[in-house]
$ cat protein_23.pdb   # PDB, C-alpha atoms and all ligand atoms
MODEL        1
ATOM      1  CA  MET P   1     -27.343   7.351 -24.540
ATOM      2  CA  GLU P   2     -25.727   5.962 -21.402
ATOM      3  CA  SER P   3     -22.060   6.934 -21.065
ATOM      4  CA  ARG P   4     -19.520   4.141 -20.780
ATOM      5  CA  LYS P   5     -18.080   3.521 -17.336
ATOM      6  CA  MET P   6     -14.310   3.307 -17.282
ATOM      7  CA  LYS P   7     -13.075   0.051 -15.808
ATOM      8  CA  ILE P   8     -10.108   0.069 -13.440
ATOM      9  CA  GLY P   9      -8.461  -2.764 -11.539
ATOM     10  CA  VAL P  10      -7.351  -2.563  -7.916
ATOM     11  CA  PHE P  11      -4.880  -5.216  -6.882
ATOM     12  CA  ASP P  12      -3.503  -6.313  -3.524
ATOM     13  CA  SER P  13      -2.578  -9.646  -2.021
ATOM     14  CA  GLY P  14      -5.626  -9.325   0.224
ATOM     15  CA  LEU P  15      -7.703  -6.976   2.352
ATOM     16  CA  GLY P  16      -5.518  -3.908   1.821
ATOM     17  CA  GLY P  17      -6.856  -3.508  -1.695
ATOM     18  CA  LEU P  18     -10.399  -3.479  -0.444
ATOM     19  CA  SER P  19      -9.792  -0.392   1.668
ATOM     20  CA  VAL P  20      -8.208   1.402  -1.294
ATOM     21  CA  ALA P  21     -11.061   0.344  -3.600
ATOM     22  CA  ASN P  22     -13.640   1.554  -1.042
ATOM     23  CA  ALA P  23     -11.940   4.933  -0.825
ATOM     24  CA  ILE P  24     -11.861   5.258  -4.637
ATOM     25  CA  LYS P  25     -15.512   4.223  -4.928
ATOM     26  CA  LYS P  26     -16.491   6.889  -2.419
ATOM     27  CA  SER P  27     -14.557   9.609  -4.161
ATOM     28  CA  ILE P  28     -15.092   8.621  -7.851
ATOM     29  CA  PRO P  29     -18.371   6.646  -7.868
ATOM     30  CA  GLU P  30     -18.689   6.653 -11.663
ATOM     31  CA  LEU P  31     -15.890   4.094 -12.100
ATOM     32  CA  ASP P  32     -16.357   0.379 -12.675
ATOM     33  CA  ILE P  33     -13.891  -1.126 -10.190
ATOM     34  CA  VAL P  34     -12.556  -4.671 -10.417
ATOM     35  CA  VAL P  35     -10.952  -5.700  -7.123
ATOM     36  CA  GLN P  36      -8.459  -8.544  -7.372
ATOM     37  CA  GLN P  37      -6.850 -10.328  -4.469
ATOM     38  CA  ASP P  38      -4.618 -13.388  -4.248
ATOM     39  CA  LYS P  39      -6.344 -15.264  -1.465
ATOM     40  CA  GLU P  40      -4.326 -18.373  -2.180
ATOM     41  CA  HIS P  41      -0.945 -16.760  -1.511
ATOM     42  CA  VAL P  42      -1.624 -13.879   0.885
ATOM     43  CA  PRO P  43       0.391 -12.622   2.743
ATOM     44  CA  TYR P  44       3.079 -11.555   0.288
ATOM     45  CA  GLY P  45       5.198  -9.636   2.752
ATOM     46  CA  THR P  46       7.602 -12.430   3.642
ATOM     47  CA  ARG P  47       7.876 -13.892   0.131
ATOM     48  CA  SER P  48      10.546 -13.194  -2.489
ATOM     49  CA  PRO P  49       9.883 -10.762  -5.375
ATOM     50  CA  GLU P  50      10.394 -13.615  -7.872
ATOM     51  CA  GLU P  51       7.737 -15.727  -6.207
ATOM     52  CA  ILE P  52       5.329 -12.783  -6.022
ATOM     53  CA  LEU P  53       5.881 -11.989  -9.701
ATOM     54  CA  SER P  54       4.951 -15.541 -10.650
ATOM     55  CA  PHE P  55       1.674 -15.150  -8.715
ATOM     56  CA  ILE P  56       0.680 -11.785 -10.103
ATOM     57  CA  LYS P  57       1.480 -12.224 -13.791
ATOM     58  CA  PRO P  58      -1.696 -14.237 -14.584
ATOM     59  CA  ILE P  59      -3.802 -12.003 -12.316
ATOM     60  CA  PHE P  60      -2.696  -8.833 -14.121
ATOM     61  CA  GLN P  61      -3.177 -10.518 -17.480
ATOM     62  CA  GLU P  62      -6.741 -11.340 -16.495
ATOM     63  CA  MET P  63      -7.484  -7.796 -15.332
ATOM     64  CA  ILE P  64      -6.309  -6.456 -18.685
ATOM     65  CA  GLU P  65      -8.371  -9.064 -20.558
ATOM     66  CA  ARG P  66     -11.395  -7.990 -18.530
ATOM     67  CA  GLY P  67     -10.901  -4.481 -19.908
ATOM     68  CA  CYS P  68      -9.178  -2.635 -17.065
ATOM     69  CA  GLU P  69      -7.640   0.514 -18.518
ATOM     70  CA  VAL P  70      -5.836   1.446 -15.312
ATOM     71  CA  ILE P  71      -4.420  -0.848 -12.648
ATOM     72  CA  ILE P  72      -3.952   0.441  -9.119
ATOM     73  CA  ILE P  73      -1.281  -1.511  -7.337
ATOM     74  CA  ALA P  74      -2.597  -1.185  -3.811
ATOM     75  CA  CYS P  75       0.279  -3.221  -2.441
ATOM     76  CA  ASN P  76       3.542  -1.680  -1.281
ATOM     77  CA  THR P  77       5.232  -5.068  -1.337
ATOM     78  CA  VAL P  78       4.549  -5.405  -5.065
ATOM     79  CA  SER P  79       5.173  -1.793  -6.024
ATOM     80  CA  THR P  80       8.502  -1.397  -4.214
ATOM     81  CA  ASN P  81       9.855  -4.615  -5.700
ATOM     82  CA  LEU P  82       8.332  -5.145  -9.118
ATOM     83  CA  MET P  83       7.293  -1.884 -10.791
ATOM     84  CA  PRO P  84       9.929  -1.818 -13.573
ATOM     85  CA  GLU P  85       9.189  -5.452 -14.388
ATOM     86  CA  LEU P  86       5.422  -4.880 -14.444
ATOM     87  CA  ARG P  87       5.738  -1.804 -16.658
ATOM     88  CA  ARG P  88       7.856  -3.853 -19.054
ATOM     89  CA  LEU P  89       5.406  -6.761 -19.118
ATOM     90  CA  PHE P  90       2.065  -4.950 -19.260
ATOM     91  CA  LYS P  91       1.117  -2.011 -21.469
ATOM     92  CA  VAL P  92      -1.501  -0.471 -19.203
ATOM     93  CA  SER P  93      -1.528   2.653 -17.021
ATOM     94  CA  PHE P  94      -0.378   1.923 -13.475
ATOM     95  CA  ILE P  95      -0.787   3.820 -10.237
ATOM     96  CA  ALA P  96       1.187   2.364  -7.361
ATOM     97  CA  VAL P  97       1.240   3.022  -3.632
ATOM     98  CA  GLU P  98       4.596   3.528  -1.928
ATOM     99  CA  PRO P  99       5.641   4.248   1.651
ATOM    100  CA  MET P 100       5.176   8.013   2.084
ATOM    101  CA  ILE P 101       8.698   8.762   3.244
ATOM    102  CA  LYS P 102       9.078  12.043   1.378
ATOM    103  CA  TYR P 103       6.062  13.652   3.016
ATOM    104  CA  ALA P 104       6.850  12.106   6.399
ATOM    105  CA  ALA P 105      10.347  13.587   6.295
ATOM    106  CA  LYS P 106       8.901  16.980   5.361
ATOM    107  CA  ILE P 107       6.472  17.187   8.267
ATOM    108  CA  SER P 108       8.504  15.512  11.001
ATOM    109  CA  LYS P 109       9.660  17.994  13.621
ATOM    110  CA  SER P 110      11.574  15.480  15.703
ATOM    111  CA  LYS P 111      13.355  14.187  12.569
ATOM    112  CA  THR P 112      12.430  10.683  13.637
ATOM    113  CA  ILE P 113       9.813   8.774  11.663
ATOM    114  CA  THR P 114       8.361   5.290  11.784
ATOM    115  CA  VAL P 115       7.684   3.118   8.754
ATOM    116  CA  CYS P 116       5.367   0.156   9.299
ATOM    117  CA  ALA P 117       5.777  -2.166   6.316
ATOM    118  CA  THR P 118       6.354  -5.771   5.354
ATOM    119  CA  PRO P 119       9.860  -7.320   5.413
ATOM    120  CA  THR P 120       9.865  -7.613   1.600
ATOM    121  CA  THR P 121       9.026  -3.909   1.236
ATOM    122  CA  LEU P 122      11.733  -2.913   3.721
ATOM    123  CA  ALA P 123      14.270  -5.075   1.868
ATOM    124  CA  SER P 124      13.507  -3.587  -1.566
ATOM    125  CA  ALA P 125      15.937  -1.419  -3.489
ATOM    126  CA  ARG P 126      13.157   1.122  -4.127
ATOM    127  CA  TYR P 127      12.440   1.544  -0.415
ATOM    128  CA  LYS P 128      16.149   1.938   0.344
ATOM    129  CA  ASP P 129      16.367   4.515  -2.431
ATOM    130  CA  LEU P 130      13.400   6.485  -1.035
ATOM    131  CA  LYS P 131      15.109   6.525   2.355
ATOM    132  CA  LYS P 132      18.418   7.641   0.898
ATOM    133  CA  ARG P 133      16.759  10.346  -1.163
ATOM    134  CA  TYR P 134      14.339  11.823   1.333
ATOM    135  CA  ALA P 135      15.300  10.685   4.816
ATOM    136  CA  LYS P 136      19.086  10.929   4.789
ATOM    137  CA  ASN P 137      19.165  13.186   7.812
ATOM    138  CA  LEU P 138      16.384  11.475   9.694
ATOM    139  CA  THR P 139      16.144   8.472  11.937
ATOM    140  CA  VAL P 140      13.810   5.930  10.339
ATOM    141  CA  LEU P 141      12.378   3.349  12.729
ATOM    142  CA  GLU P 142      11.074   0.098  11.259
ATOM    143  CA  PRO P 143       9.214  -1.960  13.870
ATOM    144  CA  ASP P 144       8.700  -5.648  13.243
ATOM    145  CA  CYS P 145       5.337  -5.852  11.461
ATOM    146  CA  SER P 146       6.122  -9.145   9.764
ATOM    147  CA  ASP P 147       2.891 -10.868  10.783
ATOM    148  CA  TRP P 148       0.518  -7.916  10.902
ATOM    149  CA  ALA P 149      -0.969  -8.584   7.441
ATOM    150  CA  HIS P 150      -1.604 -12.191   8.439
ATOM    151  CA  MET P 151      -3.203 -11.054  11.694
ATOM    152  CA  ILE P 152      -5.489  -8.701   9.728
ATOM    153  CA  GLU P 153      -6.387 -11.392   7.174
ATOM    154  CA  GLN P 154      -7.349 -13.700  10.049
ATOM    155  CA  ARG P 155      -9.289 -10.860  11.672
ATOM    156  CA  GLN P 156      -7.439 -11.566  14.874
ATOM    157  CA  ILE P 157      -6.005  -8.239  15.870
ATOM    158  CA  ASP P 158      -3.583  -8.468  18.781
ATOM    159  CA  GLU P 159      -3.884  -4.908  20.054
ATOM    160  CA  ARG P 160      -1.296  -5.461  22.769
ATOM    161  CA  ARG P 161       1.361  -6.383  20.233
ATOM    162  CA  ILE P 162       0.571  -3.379  18.050
ATOM    163  CA  LYS P 163       0.686  -1.142  21.108
ATOM    164  CA  THR P 164       4.086  -2.476  22.176
ATOM    165  CA  ALA P 165       5.570  -1.865  18.710
ATOM    166  CA  ILE P 166       4.065   1.609  18.291
ATOM    167  CA  GLU P 167       4.829   2.745  21.854
ATOM    168  CA  ALA P 168       8.488   1.794  21.348
ATOM    169  CA  THR P 169       8.761   4.051  18.294
ATOM    170  CA  LEU P 170       6.939   6.907  20.018
ATOM    171  CA  GLY P 171       9.266   6.482  22.984
ATOM    172  CA  ALA P 172      12.191   6.805  20.579
ATOM    173  CA  GLY P 173      10.860  10.190  19.468
ATOM    174  CA  SER P 174       8.935   9.383  16.316
ATOM    175  CA  ASP P 175       6.306  11.988  15.455
ATOM    176  CA  VAL P 176       5.130  10.549  12.105
ATOM    177  CA  ILE P 177       4.008   6.989  11.442
ATOM    178  CA  VAL P 178       3.891   5.868   7.825
ATOM    179  CA  LEU P 179       1.494   3.030   7.095
ATOM    180  CA  GLY P 180       3.583   1.375   4.391
ATOM    181  CA  CYS P 181       1.272  -1.586   3.885
ATOM    182  CA  THR P 182      -2.316  -1.130   2.765
ATOM    183  CA  HIS P 183      -3.520  -3.848   5.133
ATOM    184  CA  TYR P 184      -2.773  -1.504   8.039
ATOM    185  CA  HIS P 185      -5.725   0.672   7.028
ATOM    186  CA  TRP P 186      -7.734  -1.850   9.032
ATOM    187  CA  ILE P 187      -5.754  -1.078  12.211
ATOM    188  CA  GLU P 188      -5.348   2.639  11.597
ATOM    189  CA  LYS P 189      -7.906   3.458  14.288
ATOM    190  CA  GLU P 190      -6.029   1.356  16.850
ATOM    191  CA  ILE P 191      -2.725   3.015  15.918
ATOM    192  CA  LYS P 192      -4.316   6.480  16.134
ATOM    193  CA  ASN P 193      -5.686   5.658  19.578
ATOM    194  CA  ILE P 194      -2.226   4.635  20.739
ATOM    195  CA  ALA P 195      -0.434   7.641  19.232
ATOM    196  CA  GLU P 196      -3.110  10.191  20.214
ATOM    197  CA  THR P 197      -1.495  13.581  19.615
ATOM    198  CA  ARG P 198       2.073  12.290  19.701
ATOM    199  CA  ALA P 199       2.344  11.331  16.026
ATOM    200  CA  GLN P 200       0.613  11.866  12.707
ATOM    201  CA  ILE P 201      -0.409   8.762  10.832
ATOM    202  CA  LEU P 202       0.077   8.746   7.058
ATOM    203  CA  GLN P 203      -1.645   6.420   4.653
ATOM    204  CA  PRO P 204      -1.761   6.584   0.873
ATOM    205  CA  GLU P 205      -5.448   6.620  -0.063
ATOM    206  CA  PRO P 206      -5.759  10.405  -0.643
ATOM    207  CA  ILE P 207      -2.616  10.352  -2.817
ATOM    208  CA  VAL P 208      -3.886   7.439  -4.920
ATOM    209  CA  ILE P 209      -7.201   9.219  -5.464
ATOM    210  CA  GLY P 210      -5.439  12.444  -6.494
ATOM    211  CA  GLN P 211      -3.201  10.599  -8.951
ATOM    212  CA  LEU P 212      -6.144   8.660 -10.343
ATOM    213  CA  LYS P 213      -8.218  11.815 -10.908
ATOM    214  CA  GLN P 214      -5.295  13.335 -12.780
ATOM    215  CA  LEU P 215      -4.795  10.233 -14.923
ATOM    216  CA  LEU P 216      -8.517   9.980 -15.731
ATOM    217  CA  LYS P 217      -8.423  13.571 -16.967
ATOM    218  CA  GLN P 218      -5.524  12.690 -19.279
ATOM    219  CA  LEU P 219      -7.242   9.538 -20.552
ATOM    220  CA  SER P 220     -10.611  11.179 -21.232
TER
HETATM  221  N1  LIG N 301      -1.035  -4.982   1.566
HETATM  222  C1  LIG N 301       0.247  -5.296   1.031
HETATM  223  C2  LIG N 301       1.225  -4.174   1.137
HETATM  224  O1  LIG N 301       0.825  -3.028   1.018
HETATM  225  C3  LIG N 301       0.763  -6.706   1.241
HETATM  226  C4  LIG N 301       0.719  -7.296   2.594
HETATM  227  C5  LIG N 301       1.069  -8.771   2.545
HETATM  228  O2  LIG N 301       0.466  -9.484   1.737
HETATM  229  O3  LIG N 301       1.963  -9.175   3.301
HETATM  230  O4  LIG N 301       2.392  -4.375   1.277
ENDMDL
END
$ encode --input "protein_23.pdb" --output "structure tokens"
Amino acid sequence: MESRKMKIGVFDSGLGGLSVANAIKKSIPELDIVVQQDKEHVPYGTRSPEEILSFIKPIFQEMIERGCEVIIIACNTVSTNLMPELRRLFKVSFIAVEPMIKYAAKISKSKTITVCATPTTLASARYKDLKKRYAKNLTVLEPDCSDWAHMIEQRQIDERRIKTAIEATLGAGSDVIVLGCTHYHWIEKEIKNIAETRAQILQPEPIVIGQLKQLLKQLS
């Protein structure tokens, strides 16, 4: 008898979710993965949490109706603003990405870190709480990335602009760069080339996979 494949949903406003889904597929190939995007409203990063919630409610409902037993929120903008609300609305297991401030603070030697994220993530209470909790004694640099997700969606990467933003943070002493938006997976190589050995780049895919493996064990 063929064993049933567990179905999980991976959600992001756009291309960020694809990179997370690809990483999961590579590491746990036996899953049935439903990737959902919101092509109509991407990017989310300059929208209000209320507006974003109105977009995602029907999408999450549909993922659950399609039989997703776990939903991966591969969108920092959603997770830092709407997790309590989503947990209240939907009775499904969630795994959510978040800017990796705790780990960045732990490994930074210069005590200066960079967080690249959308304006709506940076404005969230959850993000501010993470900073207060884990980066109280650090300098946290937040370059203007407000149109990076759009640039990535359009597949028009302005490398000069990325370089200017990243060089400024490296010049200010940052030795860890947190990719706090899943879209930036698609420019990780460019950022690594700019930083070379001057900074470590952190992105959440390995953490999501670890958490998912743990959850699958519990659910099986
Ligand atoms: N990829 C998302 C994030 O992690 C959203 C980017 C956007 O839609 O602006 O924040």
$ closest_residue --input "protein_23.pdb" --among "P:Cys181, P:Val92, P:Val176, P:Leu82" --to "ligand LIG 301 (chain N)" --atoms "all atoms listed in the file"
P:Cys181
$ axis_aligned_box --input "protein_23.pdb" --around "ligand LIG 301 (chain N)" --padding-each-side "6 Å" --output "lines of an AutoDock Vina configuration file"
center_x = 0.7
center_y = -6.3
center_z = 2.2
size_x = 15.4
size_y = 18.5
size_z = 14.3
$ residues_around --input "protein_23.pdb" --residues "Cys145 in chain P" --least-positions-apart "5" --cutoff "12 Å" --atoms "only C-alpha atoms" --output "list in words"
Gly45, Thr46, Thr114, Val115, Cys116, Ala117, Thr118, Pro119, Thr120, Thr121, Leu122, His150, Met151, Ile152, Asp158, Arg161, Ile162, Lys163, Thr164, Ala165, Ile166, Leu179, Gly180, Cys181, His183 and Tyr184 of chain P
$ resolve_selection --input "protein_23.pdb" --expression "the PyMOL selection byres (((not hetatm)) within 6 of (chain N and resi 301))" --output "list in words"
Asp12, Ser13, Gly16, Val42, Pro43, Tyr44, Gly45, Cys75, Asn76, Thr77, Thr118, Ala149, Cys181, Thr182 and His183 of chain P
$ residues_near_point --input "protein_23.pdb" --point "(-6.3, -10.3, -15.7)" --cutoff "12 Å" --atoms "only C-alpha atoms" --output "PyMOL selection string"
chain P and resi 8-11+34-38+55-71+90+92
$ closest_residue --input "protein_23.pdb" --among "P:Leu18, P:Val78, P:Leu212, P:Ile28" --to "Glu50 in chain P" --atoms "only C-alpha atoms"
P:Val78
$ atom_distance --input "protein_23.pdb" --atom1 "CA of Gln154 in chain P" --atom2 "CA of Glu190 in chain P"
16.6 Å
$ atom_distance --input "protein_23.pdb" --atom1 "CA of Ala104 in chain P" --atom2 "CA of Leu138 in chain P"
10.1 Å
$ residues_near_point --input "protein_23.pdb" --point "(-12.0, 12.3, -20.8)" --cutoff "12 Å" --atoms "only C-alpha atoms" --output "count of residues only"
12
$ atom_distance --input "protein_23.pdb" --atom1 "CA of Ala135 in chain P" --atom2 "CA of Leu86 in chain P"
26.7 Å
$ closest_residue --input "protein_23.pdb" --among "P:Pro99, P:Pro143, P:Gly173, P:Gly14" --to "Trp186 in chain P" --atoms "all atoms listed in the file"
P:Gly14
$ build_atoms --input "protein_23.pdb" --residues "range 79-101 of chain P" --atoms "N, CA, C and O atoms" --output "compact mmCIF listing (two decimals), in the coordinates of the input"
# COMPACT_ATOMS: atom_id res chain seq x y z
N SER P 79 4.70 -2.99 -5.32
CA SER P 79 5.17 -1.79 -6.02
C SER P 79 6.64 -1.50 -5.74
O SER P 79 7.36 -1.06 -6.63
N THR P 80 7.11 -1.73 -4.51
CA THR P 80 8.50 -1.40 -4.21
C THR P 80 9.47 -2.43 -4.79
O THR P 80 10.67 -2.18 -4.87
N ASN P 81 8.97 -3.56 -5.18
CA ASN P 81 9.86 -4.62 -5.70
C ASN P 81 9.74 -4.87 -7.20
O ASN P 81 10.71 -5.32 -7.81
N LEU P 82 8.57 -4.61 -7.77
CA LEU P 82 8.33 -5.14 -9.12
C LEU P 82 7.86 -4.13 -10.16
O LEU P 82 7.51 -4.53 -11.28
N MET P 83 7.85 -2.85 -9.82
CA MET P 83 7.29 -1.88 -10.79
C MET P 83 7.97 -1.90 -12.16
O MET P 83 7.28 -1.97 -13.18
N PRO P 84 9.31 -1.84 -12.24
CA PRO P 84 9.93 -1.82 -13.57
C PRO P 84 9.55 -3.06 -14.39
O PRO P 84 9.23 -2.95 -15.58
N GLU P 85 9.54 -4.20 -13.72
CA GLU P 85 9.19 -5.45 -14.39
C GLU P 85 7.73 -5.42 -14.88
O GLU P 85 7.44 -5.80 -16.01
N LEU P 86 6.85 -4.92 -14.06
CA LEU P 86 5.42 -4.88 -14.44
C LEU P 86 5.19 -3.90 -15.59
O LEU P 86 4.42 -4.18 -16.50
N ARG P 87 5.89 -2.78 -15.56
CA ARG P 87 5.74 -1.80 -16.66
C ARG P 87 6.27 -2.39 -17.96
O ARG P 87 5.78 -2.08 -19.04
N ARG P 88 7.30 -3.22 -17.85
CA ARG P 88 7.86 -3.85 -19.05
C ARG P 88 6.89 -4.91 -19.60
O ARG P 88 6.70 -5.03 -20.80
N LEU P 89 6.26 -5.64 -18.70
CA LEU P 89 5.41 -6.76 -19.12
C LEU P 89 4.02 -6.34 -19.60
O LEU P 89 3.45 -6.97 -20.47
N PHE P 90 3.47 -5.28 -18.97
CA PHE P 90 2.06 -4.95 -19.26
C PHE P 90 1.93 -3.52 -19.75
O PHE P 90 2.35 -2.59 -19.06
N LYS P 91 1.29 -3.36 -20.91
CA LYS P 91 1.12 -2.01 -21.47
C LYS P 91 -0.24 -1.46 -21.02
O LYS P 91 -1.22 -1.49 -21.74
N VAL P 92 -0.28 -1.03 -19.78
CA VAL P 92 -1.50 -0.47 -19.20
C VAL P 92 -1.04 0.66 -18.28
O VAL P 92 0.13 0.70 -17.89
N SER P 93 -1.93 1.58 -17.95
CA SER P 93 -1.53 2.65 -17.02
C SER P 93 -1.55 2.13 -15.59
O SER P 93 -2.54 1.52 -15.17
N PHE P 94 -0.47 2.37 -14.87
CA PHE P 94 -0.38 1.92 -13.48
C PHE P 94 -0.37 3.11 -12.52
O PHE P 94 0.22 4.15 -12.82
N ILE P 95 -0.99 2.91 -11.37
CA ILE P 95 -0.79 3.82 -10.24
C ILE P 95 -0.39 2.91 -9.08
O ILE P 95 -1.04 1.88 -8.86
N ALA P 96 0.68 3.28 -8.39
CA ALA P 96 1.19 2.36 -7.36
C ALA P 96 1.39 3.08 -6.04
O ALA P 96 1.92 4.20 -6.00
N VAL P 97 0.98 2.46 -4.97
CA VAL P 97 1.24 3.02 -3.63
C VAL P 97 2.71 2.79 -3.27
O VAL P 97 3.32 1.83 -3.76
N GLU P 98 3.22 3.68 -2.44
CA GLU P 98 4.60 3.53 -1.93
C GLU P 98 4.64 4.11 -0.52
O GLU P 98 3.86 5.04 -0.23
N PRO P 99 5.55 3.64 0.32
CA PRO P 99 5.64 4.25 1.65
C PRO P 99 5.93 5.75 1.54
O PRO P 99 6.80 6.17 0.79
N MET P 100 5.15 6.56 2.27
CA MET P 100 5.18 8.01 2.08
C MET P 100 6.32 8.67 2.86
O MET P 100 6.12 9.55 3.70
N ILE P 101 7.52 8.27 2.51
CA ILE P 101 8.70 8.76 3.24
C ILE P 101 8.97 10.24 2.98
O ILE P 101 9.33 10.98 3.89
